[in-house]
Structure formats: C-alpha cells, structure tokens
file my_file-v1.cif (mmCIF, C-alpha atoms)
data_structure
#
loop_
_atom_site.group_PDB
_atom_site.id
_atom_site.type_symbol
_atom_site.label_atom_id
_atom_site.label_comp_id
_atom_site.auth_asym_id
_atom_site.auth_seq_id
_atom_site.Cartn_x
_atom_site.Cartn_y
_atom_site.Cartn_z
ATOM 1 C CA MET A 1 -10.926 15.228 26.634
ATOM 2 C CA LEU A 2 -7.926 16.541 24.739
ATOM 3 C CA GLU A 3 -6.959 12.989 23.824
ATOM 4 C CA ILE A 4 -10.383 12.363 22.261
ATOM 5 C CA ILE A 5 -10.130 15.551 20.187
ATOM 6 C CA ILE A 6 -6.660 14.528 18.995
ATOM 7 C CA LEU A 7 -7.920 11.026 18.140
ATOM 8 C CA ILE A 8 -10.888 12.403 16.147
ATOM 9 C CA THR A 9 -8.571 14.755 14.238
ATOM 10 C CA LEU A 10 -6.150 11.935 13.479
ATOM 11 C CA CYS A 11 -9.020 9.688 12.332
ATOM 12 C CA LYS A 12 -10.135 12.330 9.846
ATOM 13 C CA ASN A 13 -6.556 12.745 8.643
ATOM 14 C CA ILE A 14 -5.908 9.019 8.168
ATOM 15 C CA ALA A 15 -9.263 8.556 6.427
ATOM 16 C CA ALA A 16 -8.394 11.355 3.992
ATOM 17 C CA LYS A 17 -5.008 9.745 3.247
ATOM 18 C CA ALA A 18 -6.693 6.389 2.617
ATOM 19 C CA ARG A 19 -9.316 7.965 0.335
ATOM 20 C CA ASP A 20 -6.532 9.687 -1.632
ATOM 21 C CA LYS A 21 -5.215 6.219 -2.389
ATOM 22 C CA GLY A 22 -8.647 4.973 -3.430
ATOM 23 C CA ARG A 23 -9.301 3.007 -0.233
ATOM 24 C CA SER A 24 -12.108 3.149 2.296
ATOM 25 C CA GLY A 25 -11.323 5.586 5.085
ATOM 26 C CA GLY A 26 -13.479 4.056 7.812
ATOM 27 C CA GLY A 27 -11.458 0.880 8.178
ATOM 28 C CA PHE A 28 -8.226 2.775 8.621
ATOM 29 C CA GLY A 29 -9.859 5.096 11.162
ATOM 30 C CA PHE A 30 -10.913 2.009 13.113
ATOM 31 C CA LEU A 31 -7.372 0.633 12.793
ATOM 32 C CA LEU A 32 -6.015 3.894 14.221
ATOM 33 C CA VAL A 33 -8.351 3.750 17.214
ATOM 34 C CA VAL A 34 -7.502 0.096 17.924
ATOM 35 C CA LEU A 35 -3.752 0.680 17.648
ATOM 36 C CA TRP A 36 -4.010 3.864 19.713
ATOM 37 C CA LEU A 37 -5.884 2.160 22.558
ATOM 38 C CA GLY A 38 -3.795 -1.013 22.369
ATOM 39 C CA GLY A 39 -0.588 0.995 22.423
ATOM 40 C CA GLU A 40 -1.880 3.068 25.314
ATOM 41 C CA ILE A 41 -2.733 -0.007 27.397
ATOM 42 C CA PHE A 42 0.563 -1.707 26.564
ATOM 43 C CA GLY A 43 2.516 1.483 27.277
ATOM 44 C CA ALA A 44 0.763 1.942 30.624
ATOM 45 C CA ILE A 45 1.620 -1.629 31.631
ATOM 46 C CA VAL A 46 5.255 -1.187 30.620
ATOM 47 C CA GLY A 47 5.450 2.202 32.364
ATOM 48 C CA ALA A 48 3.946 0.779 35.556
ATOM 49 C CA ALA A 49 6.316 -2.184 35.486
ATOM 50 C CA LEU A 50 9.305 0.096 35.006
ATOM 51 C CA SER A 51 8.228 2.378 37.828
ATOM 52 C CA VAL A 52 7.678 -0.560 40.200
ATOM 53 C CA ALA A 53 11.093 -1.943 39.298
ATOM 54 C CA ARG A 54 12.647 1.472 39.848
ATOM 55 C CA ASN A 55 10.943 1.953 43.250
ATOM 56 C CA GLY A 56 11.941 -1.496 44.457
ATOM 57 C CA GLY A 57 8.487 -3.078 44.501
ATOM 58 C CA GLY A 58 6.410 -0.250 45.917
ATOM 59 C CA GLU A 59 3.506 1.629 44.357
ATOM 60 C CA PRO A 60 3.920 2.507 40.690
ATOM 61 C CA ASP A 61 4.756 6.091 39.834
ATOM 62 C CA MET A 62 1.689 7.475 38.033
ATOM 63 C CA LEU A 63 3.695 10.002 36.008
ATOM 64 C CA LEU A 64 5.844 7.256 34.510
ATOM 65 C CA THR A 65 2.770 5.084 33.930
ATOM 66 C CA TYR A 66 0.924 7.883 32.138
ATOM 67 C CA GLY A 67 4.047 8.776 30.140
ATOM 68 C CA GLY A 68 4.308 5.154 29.030
ATOM 69 C CA ALA A 69 0.648 5.195 28.040
ATOM 70 C CA LEU A 70 1.106 8.329 25.931
ATOM 71 C CA ALA A 71 4.245 6.906 24.318
ATOM 72 C CA GLY A 72 2.365 3.695 23.454
ATOM 73 C CA ALA A 73 -0.509 5.689 21.957
ATOM 74 C CA ILE A 74 1.895 7.699 19.812
ATOM 75 C CA VAL A 75 3.612 4.528 18.607
ATOM 76 C CA GLY A 76 0.208 3.015 17.748
ATOM 77 C CA ALA A 77 -0.738 6.103 15.739
ATOM 78 C CA LEU A 78 2.600 6.070 13.920
ATOM 79 C CA VAL A 79 2.114 2.412 13.013
ATOM 80 C CA ALA A 80 -1.378 3.137 11.650
ATOM 81 C CA PHE A 81 -0.105 6.040 9.539
ATOM 82 C CA GLY A 82 2.823 3.901 8.396
ATOM 83 C CA ILE A 83 0.412 1.218 7.188
ATOM 84 C CA VAL A 84 -1.608 3.759 5.213
ATOM 85 C CA SER A 85 1.560 5.200 3.716
ATOM 86 C CA ALA A 86 2.783 1.749 2.698
ATOM 87 C CA ILE A 87 -0.325 0.613 0.833
ATOM 88 C CA ALA A 88 -0.394 1.009 -2.911
ATOM 89 C CA PRO A 89 -3.057 3.185 -4.520
ATOM 90 C CA VAL A 90 -5.892 1.376 -6.228
ATOM 91 C CA ARG A 91 -5.991 1.896 -9.973
ATOM 92 C CA PRO A 92 -9.322 2.083 -11.781
ATOM 93 C CA SER A 93 -8.434 -0.992 -13.827
ATOM 94 C CA GLY A 94 -7.967 -3.010 -10.649
ATOM 95 C CA ARG A 95 -4.190 -3.327 -10.990
ATOM 96 C CA TYR A 96 -1.964 -1.982 -8.244
ATOM 97 C CA ASP A 97 1.014 -0.781 -10.243
ATOM 98 C CA ASP A 98 1.898 0.850 -13.524
ATOM 99 C CA HIS A 99 3.909 -2.131 -14.674
ATOM 100 C CA ASP A 100 2.867 -3.582 -17.986
ATOM 101 C CA ASP A 101 3.810 -7.203 -18.559
ATOM 102 C CA ARG A 102 4.790 -6.440 -22.133
ATOM 103 C CA ASP A 103 7.522 -4.081 -20.932
ATOM 104 C CA ASP A 104 9.600 -7.080 -19.848
ATOM 105 C CA TYR A 105 9.956 -8.278 -23.417
ATOM 106 C CA ASP A 106 10.573 -5.031 -25.296
ATOM 107 C CA ASP A 107 14.292 -4.774 -24.532
ATOM 108 C CA ARG A 108 15.216 -8.374 -25.232
ATOM 109 C CA PRO A 109 17.272 -9.035 -28.350
ATOM 110 C CA ARG A 110 15.182 -10.657 -31.028
ATOM 111 C CA ARG A 111 15.992 -14.000 -32.487
ATOM 112 C CA ARG A 112 16.611 -14.167 -36.194
ATOM 113 C CA ASP A 113 13.289 -15.829 -36.984
ATOM 114 C CA GLN A 114 11.336 -13.175 -35.070
ATOM 115 C CA ASP A 115 12.279 -10.192 -37.205
ATOM 116 C CA ASP A 116 9.657 -7.834 -38.550
ATOM 117 C CA TYR A 117 9.926 -9.253 -42.063
ATOM 118 C CA ASP A 118 9.035 -12.754 -43.052
ATOM 119 C CA ASP A 119 10.429 -14.729 -46.009
ATOM 120 C CA ARG A 120 7.378 -16.923 -46.350
ATOM 121 C CA PRO A 121 4.860 -15.966 -49.007
ATOM 122 C CA ARG A 122 1.965 -14.119 -47.517
ATOM 123 C CA ARG A 123 -1.537 -15.332 -47.830
ATOM 124 C CA ARG A 124 -3.629 -13.377 -50.275
ATOM 125 C CA ASP A 125 -6.914 -11.753 -49.437
ATOM 126 C CA ARG A 126 -9.986 -12.378 -51.537
ATOM 127 C CA ASP A 127 -9.681 -8.941 -53.122
ATOM 128 C CA ASP A 128 -6.189 -9.716 -54.428
ATOM 129 C CA ARG A 129 -7.366 -12.597 -56.643
ATOM 130 C CA TRP A 130 -8.839 -10.485 -59.459
#
call {"tool": "encode", "arguments": {"input": "my_file-v1.cif", "output": "structure tokens"}}
result
Amino acid sequence: MLEIIILITLCKNIAAKARDKGRSGGGFGFLLVVLWLGGEIFGAIVGAALSVARNGGGEPDMLLTYGGALAGAIVGALVAFGIVSAIAPVRPSGRYDDHDDRDDYDDRPRRRDQDDYDDRPRRRDRDDRW
C-alpha cells in the first residue's frame, strides 16, 4: 500500500516536471510506472539469484529478494526522472534551443567585397528622376 502511494506521488511529480518543460505529463507518468515495475521485477530476480547463490542452492532469502526488488524500483524511478531532466523544453516556435543560425556568421571576418558600402552606382527610385 505504501508503495502505491509513493508511486502515485512520484507520478504527479514527474508529470509536473514534464509540463514545466512543455511536454505531456501522462506519458512520462506511464514511463515511470513501467520502469518502476520493470526494475522491481528485475531486481527481485537478481536478489533471488544472489540469495540462492549465497545459500548454496537452497531456498532464496526473501529479505534479499525484496531488497533487490526495492533497489530495482528505485533505479527505475531514477532513470525515469533522469529522462525527464534530460529532455529539452519545447519552445512556442517549435524550435528546441535558443540558437539562431545567423549567430554563426556574425563573428566571421568579412571579405572585402562584402563591406557595408558598395562602389557600384545605386539604382534610382522613380521619385528621384524629377
């Protein structure tokens, strides 16, 4: 029962972090639950295997099995929160970073024919004729 309450609290927390970055929170809550349960199953299997190896082939120690399951669940939750922390926030314009492509060219030295002035005669507007 306590594990379910912790999982619900963590789902709300990860969904809030995802929404702060402009993402949907439900998908990351589902990811947390899947990684939590997968880590718990994997941790229980590893804990049972370690306890059987330690006992010399007898019955698995349930304390070590449950400890492995909790450790796997914690690792799964940490991975889910790490994924949410690693994603970039969505910008309203649809771009994922503040980088402007024009910034790459601002610091380059200009060639002589690209200066701000131009030696060629400029084309006159219609108003300049009279």
call {"tool": "atom_distance", "arguments": {"input": "my_file-v1.cif", "atom1": "CA of Gly47 (chain A)", "atom2": "CA of Val75 (chain A)"}}
result
14.1 Å
call {"tool": "residues_around", "arguments": {"input": "my_file-v1.cif", "residues": "Glu40 (chain A)", "least_positions_apart": "4", "cutoff": "9 Å", "atoms": "only C-alpha atoms", "output": "JSON, numbers by chain"}}
result
{"A": [35, 36, 44, 45, 66, 68, 69, 70, 71, 72, 73, 74, 75, 76]}
call {"tool": "resolve_selection", "arguments": {"input": "my_file-v1.cif", "expression": "the PyMOL selection byres ((chain A and resi 16) around 12)", "output": "PyMOL selection string"}}
result
chain A and resi 9-15+17-29+81+84-85
call {"tool": "write_last_selection", "arguments": {"input": "my_file-v1.cif", "atoms": "C-alpha atoms", "output": "short mmCIF file (atom, residue, chain, number, x, y, z; two decimals), keeping the file's coordinate frame"}}
result
data_model
loop_
_atom_site.label_atom_id
_atom_site.label_comp_id
_atom_site.auth_asym_id
_atom_site.auth_seq_id
_atom_site.Cartn_x
_atom_site.Cartn_y
_atom_site.Cartn_z
CA THR A 9 -8.57 14.76 14.24
CA LEU A 10 -6.15 11.94 13.48
CA CYS A 11 -9.02 9.69 12.33
CA LYS A 12 -10.14 12.33 9.85
CA ASN A 13 -6.56 12.74 8.64
CA ILE A 14 -5.91 9.02 8.17
CA ALA A 15 -9.26 8.56 6.43
CA LYS A 17 -5.01 9.74 3.25
CA ALA A 18 -6.69 6.39 2.62
CA ARG A 19 -9.32 7.96 0.34
CA ASP A 20 -6.53 9.69 -1.63
CA LYS A 21 -5.22 6.22 -2.39
CA GLY A 22 -8.65 4.97 -3.43
CA ARG A 23 -9.30 3.01 -0.23
CA SER A 24 -12.11 3.15 2.30
CA GLY A 25 -11.32 5.59 5.08
CA GLY A 26 -13.48 4.06 7.81
CA GLY A 27 -11.46 0.88 8.18
CA PHE A 28 -8.23 2.78 8.62
CA GLY A 29 -9.86 5.10 11.16
CA PHE A 81 -0.10 6.04 9.54
CA VAL A 84 -1.61 3.76 5.21
CA SER A 85 1.56 5.20 3.72
#
call {"tool": "atom_distance", "arguments": {"input": "my_file-v1.cif", "atom1": "CA of Val33 (chain A)", "atom2": "CA of Ile5 (chain A)"}}
result
12.3 Å
call {"tool": "closest_residue", "arguments": {"input": "my_file-v1.cif", "among": "A:Leu31, A:Leu78, A:Met62, A:Val90", "to": "Leu50 (chain A)", "atoms": "all atoms listed in the file"}}
result
A:Met62
call {"tool": "atom_distance", "arguments": {"input": "my_file-v1.cif", "atom1": "CA of Leu7 (chain A)", "atom2": "CA of Leu37 (chain A)"}}
result
10.1 Å
call {"tool": "closest_residue", "arguments": {"input": "my_file-v1.cif", "among": "A:Ile8, A:Leu2, A:Val46, A:Val34", "to": "Val79 (chain A)", "atoms": "only C-alpha atoms"}}
result
A:Val34
call {"tool": "axis_aligned_box", "arguments": {"input": "my_file-v1.cif", "around": "region 51-54 of chain A", "padding_each_side": "6 Å", "output": "AutoDock Vina command-line options"}}
result
--center_x 10.2 --center_y 0.2 --center_z 39.0 --size_x 17.0 --size_y 16.3 --size_z 14.4
